[in-house]
Structures are given as C-alpha cells and as structure tokens.
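Text of the file start_27.cif, holding mmCIF, C-alpha atoms:
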data_input
loop_
_atom_site.label_atom_id
_atom_site.label_comp_id
_atom_site.auth_asym_id
_atom_site.auth_seq_id
_atom_site.Cartn_x
_atom_site.Cartn_y
_atom_site.Cartn_z
CA MET Y 1111 183.85 13.46 57.98
CA ARG Y 1112 183.69 17.22 58.17
CA ASP Y 1113 185.31 19.87 60.37
CA ILE Y 1114 182.88 22.41 61.86
CA VAL Y 1115 183.00 25.16 64.45
CA VAL Y 1116 179.83 25.75 66.44
CA ASP Y 1117 178.91 28.40 69.00
CA VAL Y 1118 176.86 26.67 71.69
CA ASN Y 1119 175.82 28.42 74.89
CA GLY Y 1120 178.42 31.11 74.29
CA ALA Y 1121 181.38 28.76 73.77
CA ARG Y 1122 183.02 27.90 70.46
CA HIS Y 1123 183.68 24.23 69.72
CA ALA Y 1124 185.82 22.89 66.87
CA LEU Y 1125 184.63 19.39 65.98
CA THR Y 1126 185.05 16.73 63.35
CA VAL Y 1127 181.66 15.19 62.63
CA ASP Y 1128 180.10 12.79 60.18
CA ARG Y 1129 178.71 14.62 57.15
CA SER Y 1130 175.24 13.29 57.96
CA ALA Y 1131 175.33 14.38 61.62
CA THR Y 1132 172.46 16.48 62.90
CA LEU Y 1133 172.80 19.34 65.33
CA LEU Y 1134 171.08 17.18 67.95
CA GLN Y 1135 173.68 14.44 67.55
CA VAL Y 1136 176.49 16.96 67.96
CA LEU Y 1137 174.89 18.52 71.03
CA ARG Y 1138 174.21 15.24 72.79
CA HIS Y 1139 177.09 13.01 71.68
CA ASP Y 1140 179.97 15.41 71.05
CA LEU Y 1141 179.17 18.19 73.53
CA HIS Y 1142 177.42 15.97 76.12
CA LEU Y 1143 174.45 18.30 76.56
CA ASN Y 1144 171.38 16.48 77.81
CA GLY Y 1145 168.75 19.23 77.60
CA PRO Y 1146 167.67 18.58 74.03
CA LYS Y 1147 166.17 15.10 73.75
CA TYR Y 1148 165.79 12.69 70.87
CA GLY Y 1149 162.07 12.15 70.41
CA CYS Y 1150 160.72 11.50 66.95
CA GLY Y 1151 163.71 12.38 64.76
CA LEU Y 1152 161.32 14.16 62.38
CA GLY Y 1153 161.07 17.61 63.99
CA GLN Y 1154 157.47 16.98 65.02
CA CYS Y 1155 157.51 16.39 68.79
CA GLY Y 1156 159.62 19.31 70.07
CA ALA Y 1157 161.80 17.34 72.48
CA CYS Y 1158 164.96 18.47 70.67
CA THR Y 1159 164.12 22.20 70.58
CA VAL Y 1160 167.03 24.64 70.83
CA HIS Y 1161 167.39 28.31 69.96
CA VAL Y 1162 169.17 29.12 66.73
CA ASP Y 1163 169.95 32.83 66.72
CA GLY Y 1164 167.16 33.24 69.30
CA VAL Y 1165 164.51 31.35 67.36
CA ALA Y 1166 163.12 28.01 68.55
CA ALA Y 1167 164.23 25.27 66.13
CA ARG Y 1168 164.23 21.47 65.98
CA ALA Y 1169 167.81 20.24 66.32
CA CYS Y 1170 167.01 16.72 65.08
CA VAL Y 1171 166.41 17.95 61.52
CA ILE Y 1172 169.15 20.60 61.28
CA PRO Y 1173 172.34 19.35 59.64
CA ALA Y 1174 175.27 20.06 61.98
CA ALA Y 1175 177.11 21.93 59.22
CA GLN Y 1176 174.25 24.45 59.05
CA ALA Y 1177 174.93 25.43 62.67
CA GLN Y 1178 178.22 27.10 61.72
CA GLY Y 1179 178.04 30.86 62.12
CA ARG Y 1180 174.82 30.59 64.14
CA ARG Y 1181 174.34 31.17 67.85
CA ILE Y 1182 172.96 27.96 69.41
CA THR Y 1183 171.41 27.97 72.88
CA THR Y 1184 170.32 24.82 74.67
CA LEU Y 1185 168.37 24.38 77.89
CA GLU Y 1186 171.72 24.37 79.72
CA GLY Y 1187 172.53 27.78 78.23
CA LEU Y 1188 169.36 29.53 79.42
CA GLY Y 1189 170.35 29.47 83.07
CA ASP Y 1190 171.87 27.27 85.74
CA ARG Y 1191 170.96 25.87 89.14
CA ALA Y 1192 172.14 29.02 90.92
CA GLN Y 1193 170.39 31.41 88.53
CA PRO Y 1194 167.74 29.70 86.42
CA HIS Y 1195 166.14 31.59 83.57
CA PRO Y 1196 162.71 32.97 84.58
CA VAL Y 1197 161.01 30.36 82.38
CA GLN Y 1198 163.01 27.53 83.95
CA ASN Y 1199 162.19 28.87 87.41
CA ALA Y 1200 158.49 29.14 86.56
CA PHE Y 1201 158.39 25.52 85.43
CA ILE Y 1202 160.13 24.45 88.65
CA GLN Y 1203 157.76 26.51 90.83
CA ALA Y 1204 154.66 25.21 89.01
CA GLN Y 1205 155.99 21.64 89.18
CA ALA Y 1206 155.15 21.38 85.49
CA ALA Y 1207 156.62 17.96 84.92
CA GLN Y 1208 155.60 14.39 85.17
CA CYS Y 1209 158.10 12.35 83.17
CA GLY Y 1210 159.91 15.50 82.05
CA TYR Y 1211 160.70 14.36 78.52
CA CYS Y 1212 158.81 17.23 76.86
CA LEU Y 1213 160.12 19.93 79.21
CA ASN Y 1214 163.11 20.87 77.09
CA GLY Y 1215 160.84 21.71 74.17
CA MET Y 1216 158.21 23.39 76.31
CA ILE Y 1217 160.76 25.59 78.10
CA MET Y 1218 162.80 26.47 75.01
CA THR Y 1219 159.67 27.27 72.99
CA THR Y 1220 158.27 29.39 75.82
CA ALA Y 1221 161.54 31.28 76.27
CA ALA Y 1222 161.70 32.07 72.54
CA LEU Y 1223 158.06 33.18 72.55
CA LEU Y 1224 158.53 35.49 75.55
CA ALA Y 1225 161.70 36.96 74.09
CA ARG Y 1226 159.75 38.19 71.06
CA GLU Y 1227 156.35 38.70 72.73
CA PRO Y 1228 156.69 39.39 76.48
CA ARG Y 1229 152.95 39.46 77.15
CA PRO Y 1230 151.38 36.88 74.82
CA SER Y 1231 147.69 36.07 74.87
CA ALA Y 1232 146.57 32.67 76.13
CA GLN Y 1233 145.87 31.71 72.52
CA ALA Y 1234 149.35 32.80 71.41
CA VAL Y 1235 150.84 30.57 74.13
CA ARG Y 1236 148.72 27.61 73.03
CA ASP Y 1237 149.62 28.22 69.39
CA ALA Y 1238 153.35 28.41 70.20
CA LEU Y 1239 153.28 25.20 72.25
CA ALA Y 1240 150.98 23.28 69.89
CA GLY Y 1241 153.91 21.55 68.19
CA ASN Y 1242 155.37 20.25 71.47
CA LEU Y 1243 153.99 16.87 72.44
CA CYS Y 1244 153.45 15.85 76.07
CA ARG Y 1245 152.60 12.20 76.50
CA CYS Y 1246 151.85 12.52 80.22
CA GLY Y 1247 149.11 15.10 79.91
CA THR Y 1248 150.65 17.80 82.12
CA HIS Y 1249 149.28 20.53 79.85
CA VAL Y 1250 147.42 22.29 82.67
CA GLU Y 1251 150.61 22.54 84.75
CA ILE Y 1252 152.62 23.61 81.71
CA LEU Y 1253 150.17 26.43 80.94
CA ALA Y 1254 150.29 27.49 84.60
CA ALA Y 1255 154.09 27.56 84.38
CA VAL Y 1256 153.95 29.74 81.28
CA GLU Y 1257 151.60 32.15 83.13
CA ARG Y 1258 154.15 32.33 85.96
CA ALA Y 1259 156.94 32.94 83.45
CA VAL Y 1260 155.01 35.76 81.77
CA ALA Y 1261 154.50 37.42 85.15
CA ALA Y 1262 158.19 36.98 86.04
CA MET Y 1263 159.68 38.22 82.76
CA PRO Y 1264 160.78 41.83 82.63
CA CYS Y 1265 158.53 43.69 80.22
CA LYS Y 1266 160.44 45.50 77.49
CA ALA Y 1267 159.56 49.14 77.09
CA THR Y 1268 157.94 49.90 73.77
CA SER Y 1269 158.55 53.10 71.89
CA ALA Y 1270 155.55 55.27 71.11
#
Rewritten as structure tokens:
Amino acid sequence: MRDIVVDVNGARHALTVDRSATLLQVLRHDLHLNGPKYGCGLGQCGACTVHVDGVAARACVIPAAQAQGRRITTLEGLGDRAQPHPVQNAFIQAQAAQCGYCLNGMIMTTAALLAREPRPSAQAVRDALAGNLCRCGTHVEILAAVERAVAAMPCKATSA
C-alpha cells in the first residue's frame, strides 16, 4: 500500500492505495467519479481520458503515484449540470451520443484540443479524435458537436 495526495477537479484527496493502482482505479473506486470509463485497459480506446495538467491523457495506464503534484481534471470537473463546459454543452445540443461510452474520451480530448488550439482545422479535429474509439458509429454527430464547440468557445486573442 502507498499513501498519495492527488488534486482532482480542484480538490486535494489523501488516499492509501495499492502500489499497482492506476489513476483510473483511484478516480472510479476511491473518488467515485464515473466520467472516465474502463475500456481497454491499454490506453488505446480513449474511454478513460482525463486532463493531466491540461493535457489529455489515458488514466488506465498512469500509475496513481504519478498523479501526485499534477492537476487532474475529469469530465465532472469541466462543468456541471447548471453550467456545463462549452464542449459538454455542444455534445448535448448535437445529441452526439448513442450508447455514450466513448463520450468521456471524445469530450475530454476535444476540450484539451480547443484549449490549445481554439480554431482547429477539420483535419486537426479528426487527428485529435483518431485515438478515441466509438463502437456505435456516431462519428458524424461527434464531429458536428465539435463544430458547435469550436463556435461556442471564446477565441483567445493572439499577440502580433
């Protein structure tokens, strides 16, 4: 067992976890967060995507101990029912879900992309989402949701 302190969605949590625990296990089992899903367990499907210091990362392959000192954001930390994040709202408005299993990864990956590149090209969106698997085939709706999110996101001013 190992004692760790993690910063998740702006709150610090002191936990005692198994040395082999992954960040995903801590998020789901210890902190009871249901946004990140267990999909493949290999970091290949995207269902477990979270932000680590603002960068999209696969929680199923990150040892929990490596989360110490990092800022972790899950789907629950982006926004809430009263004030969803613009990406969450865009996915709701576009009804970009069938079974919904992939949505965590799609939304978290999109939010990370738009944070670093507010006006990505269609190809940049496809490239960013390429590692997120959707078994239901809602890709058209997902891409429409990303277009809505791009339009809804405030554009950062660039310096000349």
Problem set entry | Residues matched by the PyMOL selection byres ((chain Y and resi 1183) around 12) as number ranges by chain | Y: 1116-1122, 1133-1134, 1137, 1143, 1145-1146, 1158-1169, 1177, 1180-1182, 1184-1189, 1214, 1218-1219, 1221-1222
Write out, as a PDB file, in the frame of the given file, the residues just selected, with C-alpha atoms.
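The result, stored in result_9.pdb:
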ATOM      1  CA  VAL Y1116     179.830  25.750  66.440  1.00  0.00           C
ATOM      2  CA  ASP Y1117     178.910  28.400  69.000  1.00  0.00           C
ATOM      3  CA  VAL Y1118     176.860  26.670  71.690  1.00  0.00           C
ATOM      4  CA  ASN Y1119     175.820  28.420  74.890  1.00  0.00           C
ATOM      5  CA  GLY Y1120     178.420  31.110  74.290  1.00  0.00           C
ATOM      6  CA  ALA Y1121     181.380  28.760  73.770  1.00  0.00           C
ATOM      7  CA  ARG Y1122     183.020  27.900  70.460  1.00  0.00           C
ATOM      8  CA  LEU Y1133     172.800  19.340  65.330  1.00  0.00           C
ATOM      9  CA  LEU Y1134     171.080  17.180  67.950  1.00  0.00           C
ATOM     10  CA  LEU Y1137     174.890  18.520  71.030  1.00  0.00           C
ATOM     11  CA  LEU Y1143     174.450  18.300  76.560  1.00  0.00           C
ATOM     12  CA  GLY Y1145     168.750  19.230  77.600  1.00  0.00           C
ATOM     13  CA  PRO Y1146     167.670  18.580  74.030  1.00  0.00           C
ATOM     14  CA  CYS Y1158     164.960  18.470  70.670  1.00  0.00           C
ATOM     15  CA  THR Y1159     164.120  22.200  70.580  1.00  0.00           C
ATOM     16  CA  VAL Y1160     167.030  24.640  70.830  1.00  0.00           C
ATOM     17  CA  HIS Y1161     167.390  28.310  69.960  1.00  0.00           C
ATOM     18  CA  VAL Y1162     169.170  29.120  66.730  1.00  0.00           C
ATOM     19  CA  ASP Y1163     169.950  32.830  66.720  1.00  0.00           C
ATOM     20  CA  GLY Y1164     167.160  33.240  69.300  1.00  0.00           C
ATOM     21  CA  VAL Y1165     164.510  31.350  67.360  1.00  0.00           C
ATOM     22  CA  ALA Y1166     163.120  28.010  68.550  1.00  0.00           C
ATOM     23  CA  ALA Y1167     164.230  25.270  66.130  1.00  0.00           C
ATOM     24  CA  ARG Y1168     164.230  21.470  65.980  1.00  0.00           C
ATOM     25  CA  ALA Y1169     167.810  20.240  66.320  1.00  0.00           C
ATOM     26  CA  ALA Y1177     174.930  25.430  62.670  1.00  0.00           C
ATOM     27  CA  ARG Y1180     174.820  30.590  64.140  1.00  0.00           C
ATOM     28  CA  ARG Y1181     174.340  31.170  67.850  1.00  0.00           C
ATOM     29  CA  ILE Y1182     172.960  27.960  69.410  1.00  0.00           C
ATOM     30  CA  THR Y1184     170.320  24.820  74.670  1.00  0.00           C
ATOM     31  CA  LEU Y1185     168.370  24.380  77.890  1.00  0.00           C
ATOM     32  CA  GLU Y1186     171.720  24.370  79.720  1.00  0.00           C
ATOM     33  CA  GLY Y1187     172.530  27.780  78.230  1.00  0.00           C
ATOM     34  CA  LEU Y1188     169.360  29.530  79.420  1.00  0.00           C
ATOM     35  CA  GLY Y1189     170.350  29.470  83.070  1.00  0.00           C
ATOM     36  CA  ASN Y1214     163.110  20.870  77.090  1.00  0.00           C
ATOM     37  CA  MET Y1218     162.800  26.470  75.010  1.00  0.00           C
ATOM     38  CA  THR Y1219     159.670  27.270  72.990  1.00  0.00           C
ATOM     39  CA  ALA Y1221     161.540  31.280  76.270  1.00  0.00           C
ATOM     40  CA  ALA Y1222     161.700  32.070  72.540  1.00  0.00           C
TER      41      ALA Y1222
END
Apply the PyMOL selection byres ((chain Y and resi 1228-1239) around 12) to the displayed file and report the matching residues as an mmCIF file with C-alpha atoms, in the coordinates of the input.
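Contents of out.cif, freshly written:
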data_model
loop_
_atom_site.group_PDB
_atom_site.id
_atom_site.type_symbol
_atom_site.label_atom_id
_atom_site.label_comp_id
_atom_site.auth_asym_id
_atom_site.auth_seq_id
_atom_site.Cartn_x
_atom_site.Cartn_y
_atom_site.Cartn_z
ATOM 1 C CA GLN Y 1154 157.470 16.980 65.020
ATOM 2 C CA CYS Y 1155 157.510 16.390 68.790
ATOM 3 C CA GLY Y 1156 159.620 19.310 70.070
ATOM 4 C CA ALA Y 1157 161.800 17.340 72.480
ATOM 5 C CA THR Y 1159 164.120 22.200 70.580
ATOM 6 C CA VAL Y 1165 164.510 31.350 67.360
ATOM 7 C CA ALA Y 1166 163.120 28.010 68.550
ATOM 8 C CA PRO Y 1196 162.710 32.970 84.580
ATOM 9 C CA VAL Y 1197 161.010 30.360 82.380
ATOM 10 C CA CYS Y 1212 158.810 17.230 76.860
ATOM 11 C CA LEU Y 1213 160.120 19.930 79.210
ATOM 12 C CA ASN Y 1214 163.110 20.870 77.090
ATOM 13 C CA GLY Y 1215 160.840 21.710 74.170
ATOM 14 C CA MET Y 1216 158.210 23.390 76.310
ATOM 15 C CA ILE Y 1217 160.760 25.590 78.100
ATOM 16 C CA MET Y 1218 162.800 26.470 75.010
ATOM 17 C CA THR Y 1219 159.670 27.270 72.990
ATOM 18 C CA THR Y 1220 158.270 29.390 75.820
ATOM 19 C CA ALA Y 1221 161.540 31.280 76.270
ATOM 20 C CA ALA Y 1222 161.700 32.070 72.540
ATOM 21 C CA LEU Y 1223 158.060 33.180 72.550
ATOM 22 C CA LEU Y 1224 158.530 35.490 75.550
ATOM 23 C CA ALA Y 1225 161.700 36.960 74.090
ATOM 24 C CA ARG Y 1226 159.750 38.190 71.060
ATOM 25 C CA GLU Y 1227 156.350 38.700 72.730
ATOM 26 C CA ALA Y 1240 150.980 23.280 69.890
ATOM 27 C CA GLY Y 1241 153.910 21.550 68.190
ATOM 28 C CA ASN Y 1242 155.370 20.250 71.470
ATOM 29 C CA LEU Y 1243 153.990 16.870 72.440
ATOM 30 C CA CYS Y 1244 153.450 15.850 76.070
ATOM 31 C CA HIS Y 1249 149.280 20.530 79.850
ATOM 32 C CA VAL Y 1250 147.420 22.290 82.670
ATOM 33 C CA ILE Y 1252 152.620 23.610 81.710
ATOM 34 C CA LEU Y 1253 150.170 26.430 80.940
ATOM 35 C CA ALA Y 1254 150.290 27.490 84.600
ATOM 36 C CA ALA Y 1255 154.090 27.560 84.380
ATOM 37 C CA VAL Y 1256 153.950 29.740 81.280
ATOM 38 C CA GLU Y 1257 151.600 32.150 83.130
ATOM 39 C CA ARG Y 1258 154.150 32.330 85.960
ATOM 40 C CA ALA Y 1259 156.940 32.940 83.450
ATOM 41 C CA VAL Y 1260 155.010 35.760 81.770
ATOM 42 C CA ALA Y 1261 154.500 37.420 85.150
ATOM 43 C CA ALA Y 1262 158.190 36.980 86.040
ATOM 44 C CA MET Y 1263 159.680 38.220 82.760
ATOM 45 C CA PRO Y 1264 160.780 41.830 82.630
ATOM 46 C CA CYS Y 1265 158.530 43.690 80.220
ATOM 47 C CA LYS Y 1266 160.440 45.500 77.490
ATOM 48 C CA ALA Y 1267 159.560 49.140 77.090
ATOM 49 C CA THR Y 1268 157.940 49.900 73.770
#
Seminar exercise, completed: Expressed in Å, the length from CA of Lys1147 (chain Y) to CA of Val1127 (chain Y) is 19.1 Å
For this session: Determine, counting all atoms listed in the file, every residue of protein, DNA or RNA that lies within 9 Å of (168.1, 15.0, 62.2) in the file coordinates, then give the result as number ranges by chain.
Result: Y: 1130-1135, 1151-1153, 1168-1174
Just-selected residues, C-alpha atoms written as a short mmCIF file (atom, residue, chain, number, x, y, z; two decimals), in the coordinates of the input:
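Wrote result22.cif, looks like this:
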data_model
loop_
_atom_site.label_atom_id
_atom_site.label_comp_id
_atom_site.auth_asym_id
_atom_site.auth_seq_id
_atom_site.Cartn_x
_atom_site.Cartn_y
_atom_site.Cartn_z
CA SER Y 1130 175.24 13.29 57.96
CA ALA Y 1131 175.33 14.38 61.62
CA THR Y 1132 172.46 16.48 62.90
CA LEU Y 1133 172.80 19.34 65.33
CA LEU Y 1134 171.08 17.18 67.95
CA GLN Y 1135 173.68 14.44 67.55
CA GLY Y 1151 163.71 12.38 64.76
CA LEU Y 1152 161.32 14.16 62.38
CA GLY Y 1153 161.07 17.61 63.99
CA ARG Y 1168 164.23 21.47 65.98
CA ALA Y 1169 167.81 20.24 66.32
CA CYS Y 1170 167.01 16.72 65.08
CA VAL Y 1171 166.41 17.95 61.52
CA ILE Y 1172 169.15 20.60 61.28
CA PRO Y 1173 172.34 19.35 59.64
CA ALA Y 1174 175.27 20.06 61.98
#
Problem set entry | Two-atom distance - CA of Val1136 (chain Y), CA of Pro1194 (chain Y) (Å) | 24.1 Å
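Put simply, CA of Gly1179 (chain Y) is 18.3 Å away from CA of Asp1128 (chain Y).
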